[in-house]
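Novice: Contents of entry_38.txt (compact mmCIF, C-alpha atoms and all ligand atoms) are below:
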```
# COMPACT_ATOMS: atom_id res chain seq x y z
CA MET B 1 -14.08 2.01 -12.97
CA THR B 2 -10.97 -0.13 -12.91
CA PRO B 3 -8.23 0.58 -10.36
CA SER B 4 -5.86 1.87 -13.07
CA ASP B 5 -8.32 4.67 -13.93
CA THR B 6 -8.05 6.19 -10.47
CA GLY B 7 -4.36 7.07 -10.36
CA PHE B 8 -3.92 4.71 -7.42
CA ARG B 9 -1.43 1.87 -7.54
CA PHE B 10 -1.85 -1.55 -6.00
CA GLY B 11 0.86 -4.01 -5.06
CA GLY B 12 -1.19 -6.85 -3.64
CA ARG B 13 -1.12 -6.01 0.08
CA LEU B 14 -4.06 -3.93 1.18
CA SER B 15 -2.32 -2.22 4.09
CA LEU B 16 0.74 -1.34 2.00
CA ASP B 17 -1.52 -0.18 -0.82
CA LEU B 18 -2.90 2.43 1.57
CA THR B 19 0.64 3.68 2.24
CA TRP B 20 1.16 3.91 -1.55
CA THR B 21 -1.41 6.73 -1.65
CA LEU B 22 1.37 9.06 -0.52
CA ARG B 23 3.64 9.05 -3.55
CA TYR B 24 7.25 10.23 -3.69
CA ARG B 25 7.29 10.21 0.11
CA ALA B 26 11.08 10.56 0.24
CA VAL B 27 11.52 13.35 -2.29
CA ALA B 28 8.34 15.29 -3.09
CA PRO B 29 5.33 13.89 -1.23
CA THR B 30 2.17 13.89 -3.34
CA ASP B 31 -0.98 12.89 -1.50
CA LEU B 32 -3.51 10.99 -3.57
CA LEU B 33 -5.95 11.20 -0.65
CA SER B 34 -6.55 14.92 -0.58
CA SER B 35 -10.34 14.91 -0.38
CA PRO B 36 -12.99 12.66 1.17
CA ASP B 37 -14.02 11.63 -2.34
CA ASP B 38 -10.45 10.47 -3.04
CA LEU B 39 -10.82 8.15 -0.05
CA ARG B 40 -14.20 6.90 -1.31
CA ARG B 41 -12.59 6.09 -4.69
CA TRP B 42 -9.66 4.35 -3.00
CA VAL B 43 -11.96 2.26 -0.80
CA THR B 44 -14.02 1.29 -3.86
CA ALA B 45 -10.92 0.31 -5.83
CA ALA B 46 -9.06 -1.42 -3.01
CA VAL B 47 -11.64 -2.85 -0.60
CA ALA B 48 -15.26 -2.91 -1.77
CA PRO B 49 -17.74 -0.66 -3.55
CA CYS B 50 -18.47 2.43 -1.47
CA SER B 51 -21.39 4.47 -2.71
CA VAL B 52 -22.01 6.66 0.32
CA ALA B 53 -20.27 9.95 0.99
CA VAL B 54 -17.08 9.76 3.02
CA THR B 55 -16.63 12.47 5.65
CA PRO B 56 -13.62 14.71 6.34
CA ALA B 57 -13.28 12.84 9.67
CA ASP B 58 -13.04 9.53 7.78
CA LEU B 59 -10.31 11.04 5.62
CA ARG B 60 -8.36 12.24 8.66
CA ALA B 61 -8.71 8.78 10.21
CA ALA B 62 -7.51 7.10 7.01
CA VAL B 63 -4.45 9.34 6.75
CA GLU B 64 -3.65 8.75 10.42
CA LEU B 65 -3.96 4.98 9.93
CA ARG B 66 -1.87 5.16 6.75
CA GLU B 67 0.97 6.88 8.61
CA ALA B 68 0.73 4.33 11.43
CA VAL B 69 0.97 1.47 8.92
CA TYR B 70 3.94 3.11 7.22
CA SER B 71 5.84 3.78 10.43
CA ALA B 72 5.13 0.28 11.76
CA ALA B 73 6.12 -1.39 8.49
CA LEU B 74 9.27 0.70 8.21
CA ALA B 75 10.19 -0.32 11.75
CA VAL B 76 9.85 -3.99 10.76
CA VAL B 77 11.93 -3.42 7.58
CA GLU B 78 14.62 -1.74 9.68
CA GLU B 79 14.36 -4.43 12.36
CA ARG B 80 13.23 -2.01 15.06
CA PRO B 81 10.31 -2.54 17.43
CA VAL B 82 7.02 -1.04 16.22
CA GLY B 83 6.28 2.22 18.07
CA ARG B 84 3.59 2.16 20.74
CA ALA B 85 1.37 4.82 19.15
CA ALA B 86 1.32 3.05 15.77
CA ARG B 87 0.71 -0.32 17.40
CA SER B 88 -2.20 0.86 19.52
CA LEU B 89 -3.82 2.67 16.58
CA LEU B 90 -3.60 -0.50 14.47
CA ASN B 91 -5.04 -2.56 17.31
CA ARG B 92 -7.91 -0.11 17.81
CA TRP B 93 -8.88 -0.20 14.13
CA ALA B 94 -8.52 -3.97 13.92
CA ALA B 95 -11.10 -4.32 16.70
CA ARG B 96 -13.76 -2.48 14.67
CA PRO B 97 -16.30 -4.38 12.50
CA ALA B 98 -14.64 -5.31 9.22
CA PRO B 99 -16.36 -5.84 5.87
CA PHE B 100 -18.13 -9.17 5.42
CA LEU B 101 -18.50 -11.59 2.53
CA ARG B 102 -21.63 -12.34 0.58
CA LEU B 103 -22.19 -15.09 -1.97
CA ASP B 104 -23.61 -13.64 -5.18
CA THR B 105 -25.91 -15.31 -7.72
CA SER B 106 -23.00 -16.48 -9.88
CA GLY B 107 -21.32 -18.20 -6.95
CA ARG B 108 -18.63 -15.57 -6.41
CA SER B 109 -17.84 -14.06 -3.03
CA VAL B 110 -18.28 -10.32 -2.81
CA ARG B 111 -16.84 -8.15 -0.05
CA VAL B 112 -19.37 -5.77 1.48
CA LEU B 113 -18.59 -2.75 3.67
CA GLN B 114 -20.49 -2.50 6.96
CA PRO B 115 -23.71 -0.60 6.17
CA GLY B 116 -23.71 2.74 7.94
CA ASP B 117 -20.01 2.41 8.74
CA GLU B 118 -18.53 1.97 5.27
CA ALA B 119 -15.28 3.90 5.54
CA ALA B 120 -14.56 2.71 9.09
CA SER B 121 -15.02 -0.92 8.10
CA ALA B 122 -12.60 -0.42 5.20
CA LEU B 123 -10.02 0.94 7.63
CA ALA B 124 -10.66 -2.00 9.96
CA VAL B 125 -9.73 -4.52 7.27
CA VAL B 126 -6.65 -2.45 6.39
CA ALA B 127 -5.57 -2.68 10.04
CA LEU B 128 -6.20 -6.45 10.10
CA ASP B 129 -4.04 -6.87 7.00
CA ALA B 130 -1.33 -4.71 8.54
CA ILE B 131 -1.23 -6.79 11.72
CA GLU B 132 -1.01 -9.99 9.70
CA LEU B 133 1.75 -8.50 7.55
CA LEU B 134 3.79 -7.04 10.41
CA SER B 135 3.69 -10.27 12.37
CA THR B 136 4.75 -12.49 9.47
CA ALA B 137 8.46 -11.77 10.07
CA ASP B 138 9.75 -13.64 7.02
CA GLY B 139 12.06 -10.90 5.74
CA ARG B 140 9.87 -10.30 2.68
CA LEU B 141 8.63 -6.90 3.78
CA ARG B 142 11.07 -4.49 2.11
CA ARG B 143 11.68 -0.95 1.04
CA CYS B 144 11.98 -0.37 -2.72
CA ALA B 145 15.57 0.03 -3.88
CA GLY B 146 14.52 2.52 -6.57
CA PRO B 147 16.23 5.92 -6.28
CA GLY B 148 13.92 8.36 -4.51
CA CYS B 149 11.27 5.67 -4.02
CA ALA B 150 10.30 5.06 -0.42
CA LEU B 151 7.51 2.59 -1.13
CA LEU B 152 7.33 -0.49 1.04
CA PHE B 153 6.28 -3.76 -0.55
CA TYR B 154 5.81 -7.38 0.35
CA ASP B 155 7.67 -9.83 -1.87
CA SER B 156 5.32 -12.73 -2.54
CA SER B 157 7.37 -14.07 -5.45
CA ARG B 158 8.60 -17.63 -5.20
CA PRO B 159 12.36 -16.81 -5.24
CA GLY B 160 11.80 -13.95 -2.78
CA ARG B 161 14.51 -11.72 -4.20
CA ARG B 162 12.40 -8.80 -5.38
CA ARG B 163 13.98 -5.37 -4.88
CA TRP B 164 11.46 -3.01 -6.46
CA CYS B 165 7.93 -1.85 -5.66
CA SER B 166 7.35 -2.74 -9.29
CA THR B 167 9.73 -3.95 -11.98
CA GLU B 168 8.00 -1.86 -14.65
CA ARG B 169 8.45 1.27 -12.62
CA CYS B 170 11.55 1.34 -10.39
CA GLY B 171 13.25 -1.79 -11.77
CA ASN B 172 13.24 -0.46 -15.31
CA ARG B 173 14.24 3.03 -14.23
CA VAL B 174 17.30 1.66 -12.47
CA ASN B 175 18.15 -0.75 -15.27
CA SER B 176 17.93 1.95 -17.95
CA ALA B 177 19.97 4.39 -15.81
CA THR B 178 22.65 1.71 -15.42
CA TYR B 179 22.49 1.09 -19.15
CA ARG B 180 22.89 4.80 -19.93
CA ARG B 181 25.82 5.06 -17.51
CA ARG B 182 27.51 2.13 -19.18
CA GLN B 183 26.98 3.71 -22.59
CA THR B 184 28.56 6.95 -21.34
CA ASP B 185 31.46 5.07 -19.77
CA GLY B 186 32.03 3.28 -23.06
CA THR B 187 31.39 -0.06 -21.46
CA THR B 188 28.56 -1.63 -23.36
CA ASN B 189 28.69 -5.11 -21.89
CA HIS B 190 25.76 -5.68 -19.61
ZN ZN Z 1 9.80 1.87 -6.15
```
Rewrite the structure of this file - the entire thing - as structure tokens.

Specialist:
Amino acid sequence: MTPSDTGFRFGGRLSLDLTWTLRYRAVAPTDLLSSPDDLRRWVTAAVAPCSVAVTPADLRAAVELREAVYSAALAVVEERPVGRAARSLLNRWAARPAPFLRLDTSGRSVRVLQPGDEAASALAVVALDAIELLSTADGRLRRCAGPGCALLFYDSSRPGRRRWCSTERCGNRVNSATYRRRQTDGTTNH
């Protein structure tokens, strides 16, 4: 299964990708992690293959971590200090055993979840990524400028002037809305 088959979206930062599982957060929240199996599919698509069953407790932990990542990242975007509860939750998860790497027969590295602790190790690596991201402080962690879109993203482009979670999605929506407005106004120059 490829990531695009799952309904999940990925923007290149693992910890932010977890926050993207709550869509339309600002207007009509839709949770893509509504069952333990949703979490298993997300872990498989985002972190490493997870073949074991994920428990309801794992799901609750993932949602709790997701909200901590979102609140901490939003604080950084808005240049506020990260709240204590979010910070200590991230630190607790980051201290857990994370997935490890294995060299496969074709010379590629493969990420492997901790046997017996699959979901927890996936959350540990999410927390590690979040800590790295939150401490980078380069002004590239931003909130999408798309109307109604509350997604946070990290701009890794060379110019560093990205404004959208994705150009195809929010960028185009805004550009076509501007275009339509201009058509209505009778001003066609754009
Ligand atoms: Zn967006």

Novice: Tell me, as a list in words, which residues lie within 9 Å of segment 38-54 of chain B, counting all atoms listed in the file; anything in the same chain fewer than 4 positions away does not count.

Specialist: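 Result of the neighbour search: Met1, Thr2, Pro3, Ser4, Thr6, Phe8, Phe10, Leu14, Asp17, Leu18, Thr21, Leu32, Leu33, Ser34, Asp58, Leu59, Ala62, Pro99, Val110, Arg111, Val112, Leu113, Gly116, Glu118, Ala119, Ala122, Leu123, Val125 and Val126 of chain B.
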
Novice: Between atom CA of Thr19 of chain B and atom CA of Arg87 of chain B, what is the spacing in Å?

Specialist: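 Taking atom CA of Arg87 of chain B as the start and atom CA of Thr19 of chain B as the end point, the length is 15.7 Å.
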
Novice: In the coordinate frame of the file, compute which residues have an atom within 12 Å of (9.7, -4.4, 16.5) when using only C-alpha atoms, and state them as a list in words.

Specialist: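 Residues with an atom at most 12 Å from (9.7, -4.4, 16.5): Ser71, Ala72, Ala73, Leu74, Ala75, Val76, Val77, Glu78, Glu79, Arg80, Pro81, Val82, Gly83, Arg84, Ala86, Arg87, Leu134, Ser135, Thr136 and Ala137 of chain B.
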
Novice: How far is it from atom CA of Glu132 of chain B to atom CA of Tyr24 of chain B, in Å with one decimal?

Specialist: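 Computing the Euclidean distance for atom CA of Glu132 of chain B and atom CA of Tyr24 of chain B yields 25.6 Å.
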
Novice: Around (13.6, -7.1, 2.8) in the file's own coordinates, what residues are found within 10 Å if you use all atoms listed in the file, given back as a PDB file with C-alpha atoms, keeping the file's coordinate frame?

Specialist:
```
ATOM      1  CA  VAL B  76       9.850  -3.990  10.760  1.00  0.00           C
ATOM      2  CA  VAL B  77      11.930  -3.420   7.580  1.00  0.00           C
ATOM      3  CA  GLU B  78      14.620  -1.740   9.680  1.00  0.00           C
ATOM      4  CA  GLU B  79      14.360  -4.430  12.360  1.00  0.00           C
ATOM      5  CA  ASP B 138       9.750 -13.640   7.020  1.00  0.00           C
ATOM      6  CA  GLY B 139      12.060 -10.900   5.740  1.00  0.00           C
ATOM      7  CA  ARG B 140       9.870 -10.300   2.680  1.00  0.00           C
ATOM      8  CA  LEU B 141       8.630  -6.900   3.780  1.00  0.00           C
ATOM      9  CA  ARG B 142      11.070  -4.490   2.110  1.00  0.00           C
ATOM     10  CA  ARG B 143      11.680  -0.950   1.040  1.00  0.00           C
ATOM     11  CA  CYS B 144      11.980  -0.370  -2.720  1.00  0.00           C
ATOM     12  CA  ALA B 145      15.570   0.030  -3.880  1.00  0.00           C
ATOM     13  CA  LEU B 152       7.330  -0.490   1.040  1.00  0.00           C
ATOM     14  CA  PHE B 153       6.280  -3.760  -0.550  1.00  0.00           C
ATOM     15  CA  TYR B 154       5.810  -7.380   0.350  1.00  0.00           C
ATOM     16  CA  ASP B 155       7.670  -9.830  -1.870  1.00  0.00           C
ATOM     17  CA  GLY B 160      11.800 -13.950  -2.780  1.00  0.00           C
ATOM     18  CA  ARG B 161      14.510 -11.720  -4.200  1.00  0.00           C
ATOM     19  CA  ARG B 162      12.400  -8.800  -5.380  1.00  0.00           C
ATOM     20  CA  ARG B 163      13.980  -5.370  -4.880  1.00  0.00           C
TER      21      ARG B 163
END
```

Novice: Can you tell me how far atom CA of Leu90 of chain B sits from atom CA of Glu64 of chain B, in Å to one decimal?

Specialist: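 Taking atom CA of Leu90 of chain B and atom CA of Glu64 of chain B, their separation equals 10.1 Å.
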
Novice: Could you pull the residues within 9 Å of Ala61 of chain B, counting only C-alpha atoms, minus those fewer than 4 positions along the same chain, as a list in words?

Specialist: Pro56, Ala57, Leu65, Arg66, Ala120 and Leu123 of chain B

Novice: Can I get the residues close to ligand ZN 1 (chain Z) as a ChimeraX atom specification, where close means within 7 Å and we count only C-alpha atoms and all ligand atoms?

Specialist: /B:144-146,149-151,164-166,169-170

Novice: Determine the nearest neighbour of Asn172 of chain B from the options B:Arg108, B:Leu16, B:Ile131, B:Pro147, counting only C-alpha atoms.

Specialist: B:Pro147

Novice: Rank B:Thr105, B:Gly148, B:Arg158, B:Thr167 by their smallest atom-to-atom distance to Ala28 of chain B, using only C-alpha atoms, and report the top residue only.

Specialist: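 Of B:Thr105, B:Gly148, B:Arg158, B:Thr167, the one nearest Ala28 of chain B is B:Gly148, counting only C-alpha atoms.
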
Novice: Which of these, B:Asp117, B:Glu168, B:Asp129, B:Glu67, has the shortest distance to Arg96 of chain B once you count only C-alpha atoms?

Specialist: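 Of the candidates, the smallest distance to Arg96 of chain B is held by B:Asp117.
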
Novice: I'd like to know which of B:Ala68, B:Val63, B:Ala124, B:Leu133 is closest to Phe100 of chain B, using only C-alpha atoms.

Specialist: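 Among B:Ala68, B:Val63, B:Ala124, B:Leu133, it is B:Ala124 that comes nearest to Phe100 of chain B.
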
Novice: Give me segment 82-111 of chain B from this structure - N, CA, C and O atoms, as a PDB file, in the first residue's frame.

Specialist:
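Contents of decode29.pdb, freshly written:
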```pdb
ATOM      1  N   VAL B  82       6.877  27.052  24.624  1.00  0.00           N
ATOM      2  CA  VAL B  82       6.124  25.794  24.567  1.00  0.00           C
ATOM      3  C   VAL B  82       5.588  25.495  25.966  1.00  0.00           C
ATOM      4  O   VAL B  82       6.309  25.636  26.964  1.00  0.00           O
ATOM      5  N   GLY B  83       4.325  25.119  26.057  1.00  0.00           N
ATOM      6  CA  GLY B  83       3.701  24.825  27.352  1.00  0.00           C
ATOM      7  C   GLY B  83       4.386  23.657  28.055  1.00  0.00           C
ATOM      8  O   GLY B  83       4.945  22.771  27.412  1.00  0.00           O
ATOM      9  N   ARG B  84       4.305  23.676  29.387  1.00  0.00           N
ATOM     10  CA  ARG B  84       5.019  22.663  30.166  1.00  0.00           C
ATOM     11  C   ARG B  84       4.478  21.266  29.923  1.00  0.00           C
ATOM     12  O   ARG B  84       5.243  20.303  29.803  1.00  0.00           O
ATOM     13  N   ALA B  85       3.153  21.124  29.843  1.00  0.00           N
ATOM     14  CA  ALA B  85       2.559  19.786  29.670  1.00  0.00           C
ATOM     15  C   ALA B  85       2.995  19.185  28.340  1.00  0.00           C
ATOM     16  O   ALA B  85       3.402  18.015  28.278  1.00  0.00           O
ATOM     17  N   ALA B  86       2.957  19.981  27.277  1.00  0.00           N
ATOM     18  CA  ALA B  86       3.353  19.487  25.952  1.00  0.00           C
ATOM     19  C   ALA B  86       4.828  19.117  25.956  1.00  0.00           C
ATOM     20  O   ALA B  86       5.230  18.064  25.450  1.00  0.00           O
ATOM     21  N   ARG B  87       5.631  19.978  26.564  1.00  0.00           N
ATOM     22  CA  ARG B  87       7.077  19.733  26.586  1.00  0.00           C
ATOM     23  C   ARG B  87       7.400  18.441  27.339  1.00  0.00           C
ATOM     24  O   ARG B  87       8.180  17.615  26.881  1.00  0.00           O
ATOM     25  N   SER B  88       6.758  18.246  28.499  1.00  0.00           N
ATOM     26  CA  SER B  88       7.134  17.051  29.261  1.00  0.00           C
ATOM     27  C   SER B  88       6.612  15.790  28.582  1.00  0.00           C
ATOM     28  O   SER B  88       7.263  14.743  28.644  1.00  0.00           O
ATOM     29  N   LEU B  89       5.473  15.878  27.902  1.00  0.00           N
ATOM     30  CA  LEU B  89       4.996  14.693  27.172  1.00  0.00           C
ATOM     31  C   LEU B  89       5.965  14.333  26.037  1.00  0.00           C
ATOM     32  O   LEU B  89       6.312  13.165  25.849  1.00  0.00           O
ATOM     33  N   LEU B  90       6.415  15.344  25.303  1.00  0.00           N
ATOM     34  CA  LEU B  90       7.385  15.100  24.216  1.00  0.00           C
ATOM     35  C   LEU B  90       8.662  14.482  24.785  1.00  0.00           C
ATOM     36  O   LEU B  90       9.193  13.514  24.236  1.00  0.00           O
ATOM     37  N   ASN B  91       9.125  15.025  25.897  1.00  0.00           N
ATOM     38  CA  ASN B  91      10.368  14.513  26.480  1.00  0.00           C
ATOM     39  C   ASN B  91      10.210  13.071  26.961  1.00  0.00           C
ATOM     40  O   ASN B  91      11.128  12.260  26.811  1.00  0.00           O
ATOM     41  N   ARG B  92       9.039  12.771  27.514  1.00  0.00           N
ATOM     42  CA  ARG B  92       8.799  11.391  27.978  1.00  0.00           C
ATOM     43  C   ARG B  92       8.823  10.408  26.807  1.00  0.00           C
ATOM     44  O   ARG B  92       9.452   9.365  26.875  1.00  0.00           O
ATOM     45  N   TRP B  93       8.144  10.775  25.719  1.00  0.00           N
ATOM     46  CA  TRP B  93       8.115   9.867  24.565  1.00  0.00           C
ATOM     47  C   TRP B  93       9.484   9.748  23.903  1.00  0.00           C
ATOM     48  O   TRP B  93       9.865   8.680  23.440  1.00  0.00           O
ATOM     49  N   ALA B  94      10.216  10.845  23.881  1.00  0.00           N
ATOM     50  CA  ALA B  94      11.534  10.817  23.230  1.00  0.00           C
ATOM     51  C   ALA B  94      12.520   9.927  23.978  1.00  0.00           C
ATOM     52  O   ALA B  94      13.504   9.462  23.412  1.00  0.00           O
ATOM     53  N   ALA B  95      12.243   9.681  25.258  1.00  0.00           N
ATOM     54  CA  ALA B  95      13.140   8.833  26.057  1.00  0.00           C
ATOM     55  C   ALA B  95      12.876   7.345  25.858  1.00  0.00           C
ATOM     56  O   ALA B  95      13.660   6.505  26.303  1.00  0.00           O
ATOM     57  N   ARG B  96      11.762   7.013  25.174  1.00  0.00           N
ATOM     58  CA  ARG B  96      11.426   5.599  24.949  1.00  0.00           C
ATOM     59  C   ARG B  96      12.255   5.032  23.790  1.00  0.00           C
ATOM     60  O   ARG B  96      12.739   5.783  22.942  1.00  0.00           O
ATOM     61  N   PRO B  97      12.405   3.699  23.719  1.00  0.00           N
ATOM     62  CA  PRO B  97      13.174   3.100  22.616  1.00  0.00           C
ATOM     63  C   PRO B  97      12.528   3.405  21.259  1.00  0.00           C
ATOM     64  O   PRO B  97      11.343   3.158  21.066  1.00  0.00           O
ATOM     65  N   ALA B  98      13.319   3.954  20.376  1.00  0.00           N
ATOM     66  CA  ALA B  98      12.840   4.330  19.042  1.00  0.00           C
ATOM     67  C   ALA B  98      13.098   3.170  18.070  1.00  0.00           C
ATOM     68  O   ALA B  98      13.841   2.235  18.398  1.00  0.00           O
ATOM     69  N   PRO B  99      12.518   3.236  16.888  1.00  0.00           N
ATOM     70  CA  PRO B  99      12.822   2.209  15.885  1.00  0.00           C
ATOM     71  C   PRO B  99      14.319   2.204  15.569  1.00  0.00           C
ATOM     72  O   PRO B  99      15.020   3.186  15.799  1.00  0.00           O
ATOM     73  N   PHE B 100      14.786   1.066  15.041  1.00  0.00           N
ATOM     74  CA  PHE B 100      16.208   0.978  14.689  1.00  0.00           C
ATOM     75  C   PHE B 100      16.346   0.702  13.199  1.00  0.00           C
ATOM     76  O   PHE B 100      15.353   0.436  12.518  1.00  0.00           O
ATOM     77  N   LEU B 101      17.557   0.796  12.707  1.00  0.00           N
ATOM     78  CA  LEU B 101      17.812   0.556  11.287  1.00  0.00           C
ATOM     79  C   LEU B 101      18.427  -0.815  11.083  1.00  0.00           C
ATOM     80  O   LEU B 101      19.171  -1.311  11.917  1.00  0.00           O
ATOM     81  N   ARG B 102      18.097  -1.376   9.923  1.00  0.00           N
ATOM     82  CA  ARG B 102      18.662  -2.672   9.553  1.00  0.00           C
ATOM     83  C   ARG B 102      19.101  -2.556   8.088  1.00  0.00           C
ATOM     84  O   ARG B 102      18.433  -1.876   7.300  1.00  0.00           O
ATOM     85  N   LEU B 103      20.222  -3.182   7.766  1.00  0.00           N
ATOM     86  CA  LEU B 103      20.699  -3.168   6.388  1.00  0.00           C
ATOM     87  C   LEU B 103      20.119  -4.386   5.669  1.00  0.00           C
ATOM     88  O   LEU B 103      20.315  -5.513   6.110  1.00  0.00           O
ATOM     89  N   ASP B 104      19.384  -4.154   4.578  1.00  0.00           N
ATOM     90  CA  ASP B 104      18.779  -5.315   3.913  1.00  0.00           C
ATOM     91  C   ASP B 104      19.713  -5.881   2.845  1.00  0.00           C
ATOM     92  O   ASP B 104      20.813  -5.365   2.609  1.00  0.00           O
ATOM     93  N   THR B 105      19.282  -6.954   2.185  1.00  0.00           N
ATOM     94  CA  THR B 105      20.174  -7.682   1.269  1.00  0.00           C
ATOM     95  C   THR B 105      20.572  -6.845   0.063  1.00  0.00           C
ATOM     96  O   THR B 105      21.603  -7.078  -0.548  1.00  0.00           O
ATOM     97  N   SER B 106      19.737  -5.834  -0.286  1.00  0.00           N
ATOM     98  CA  SER B 106      20.096  -5.011  -1.442  1.00  0.00           C
ATOM     99  C   SER B 106      20.872  -3.763  -1.038  1.00  0.00           C
ATOM    100  O   SER B 106      21.057  -2.841  -1.834  1.00  0.00           O
ATOM    101  N   GLY B 107      21.301  -3.714   0.217  1.00  0.00           N
ATOM    102  CA  GLY B 107      22.135  -2.607   0.660  1.00  0.00           C
ATOM    103  C   GLY B 107      21.361  -1.371   1.089  1.00  0.00           C
ATOM    104  O   GLY B 107      21.945  -0.321   1.317  1.00  0.00           O
ATOM    105  N   ARG B 108      20.029  -1.485   1.187  1.00  0.00           N
ATOM    106  CA  ARG B 108      19.234  -0.348   1.642  1.00  0.00           C
ATOM    107  C   ARG B 108      19.034  -0.424   3.152  1.00  0.00           C
ATOM    108  O   ARG B 108      19.007  -1.520   3.717  1.00  0.00           O
ATOM    109  N   SER B 109      18.847   0.739   3.780  1.00  0.00           N
ATOM    110  CA  SER B 109      18.538   0.714   5.207  1.00  0.00           C
ATOM    111  C   SER B 109      17.016   0.671   5.373  1.00  0.00           C
ATOM    112  O   SER B 109      16.286   1.340   4.648  1.00  0.00           O
ATOM    113  N   VAL B 110      16.586  -0.131   6.306  1.00  0.00           N
ATOM    114  CA  VAL B 110      15.161  -0.320   6.554  1.00  0.00           C
ATOM    115  C   VAL B 110      14.897   0.010   8.017  1.00  0.00           C
ATOM    116  O   VAL B 110      15.622  -0.452   8.904  1.00  0.00           O
ATOM    117  N   ARG B 111      13.887   0.830   8.258  1.00  0.00           N
ATOM    118  CA  ARG B 111      13.547   1.163   9.640  1.00  0.00           C
ATOM    119  C   ARG B 111      12.657   0.066  10.216  1.00  0.00           C
ATOM    120  O   ARG B 111      11.708  -0.371   9.571  1.00  0.00           O
TER     121      ARG B 111
END
```
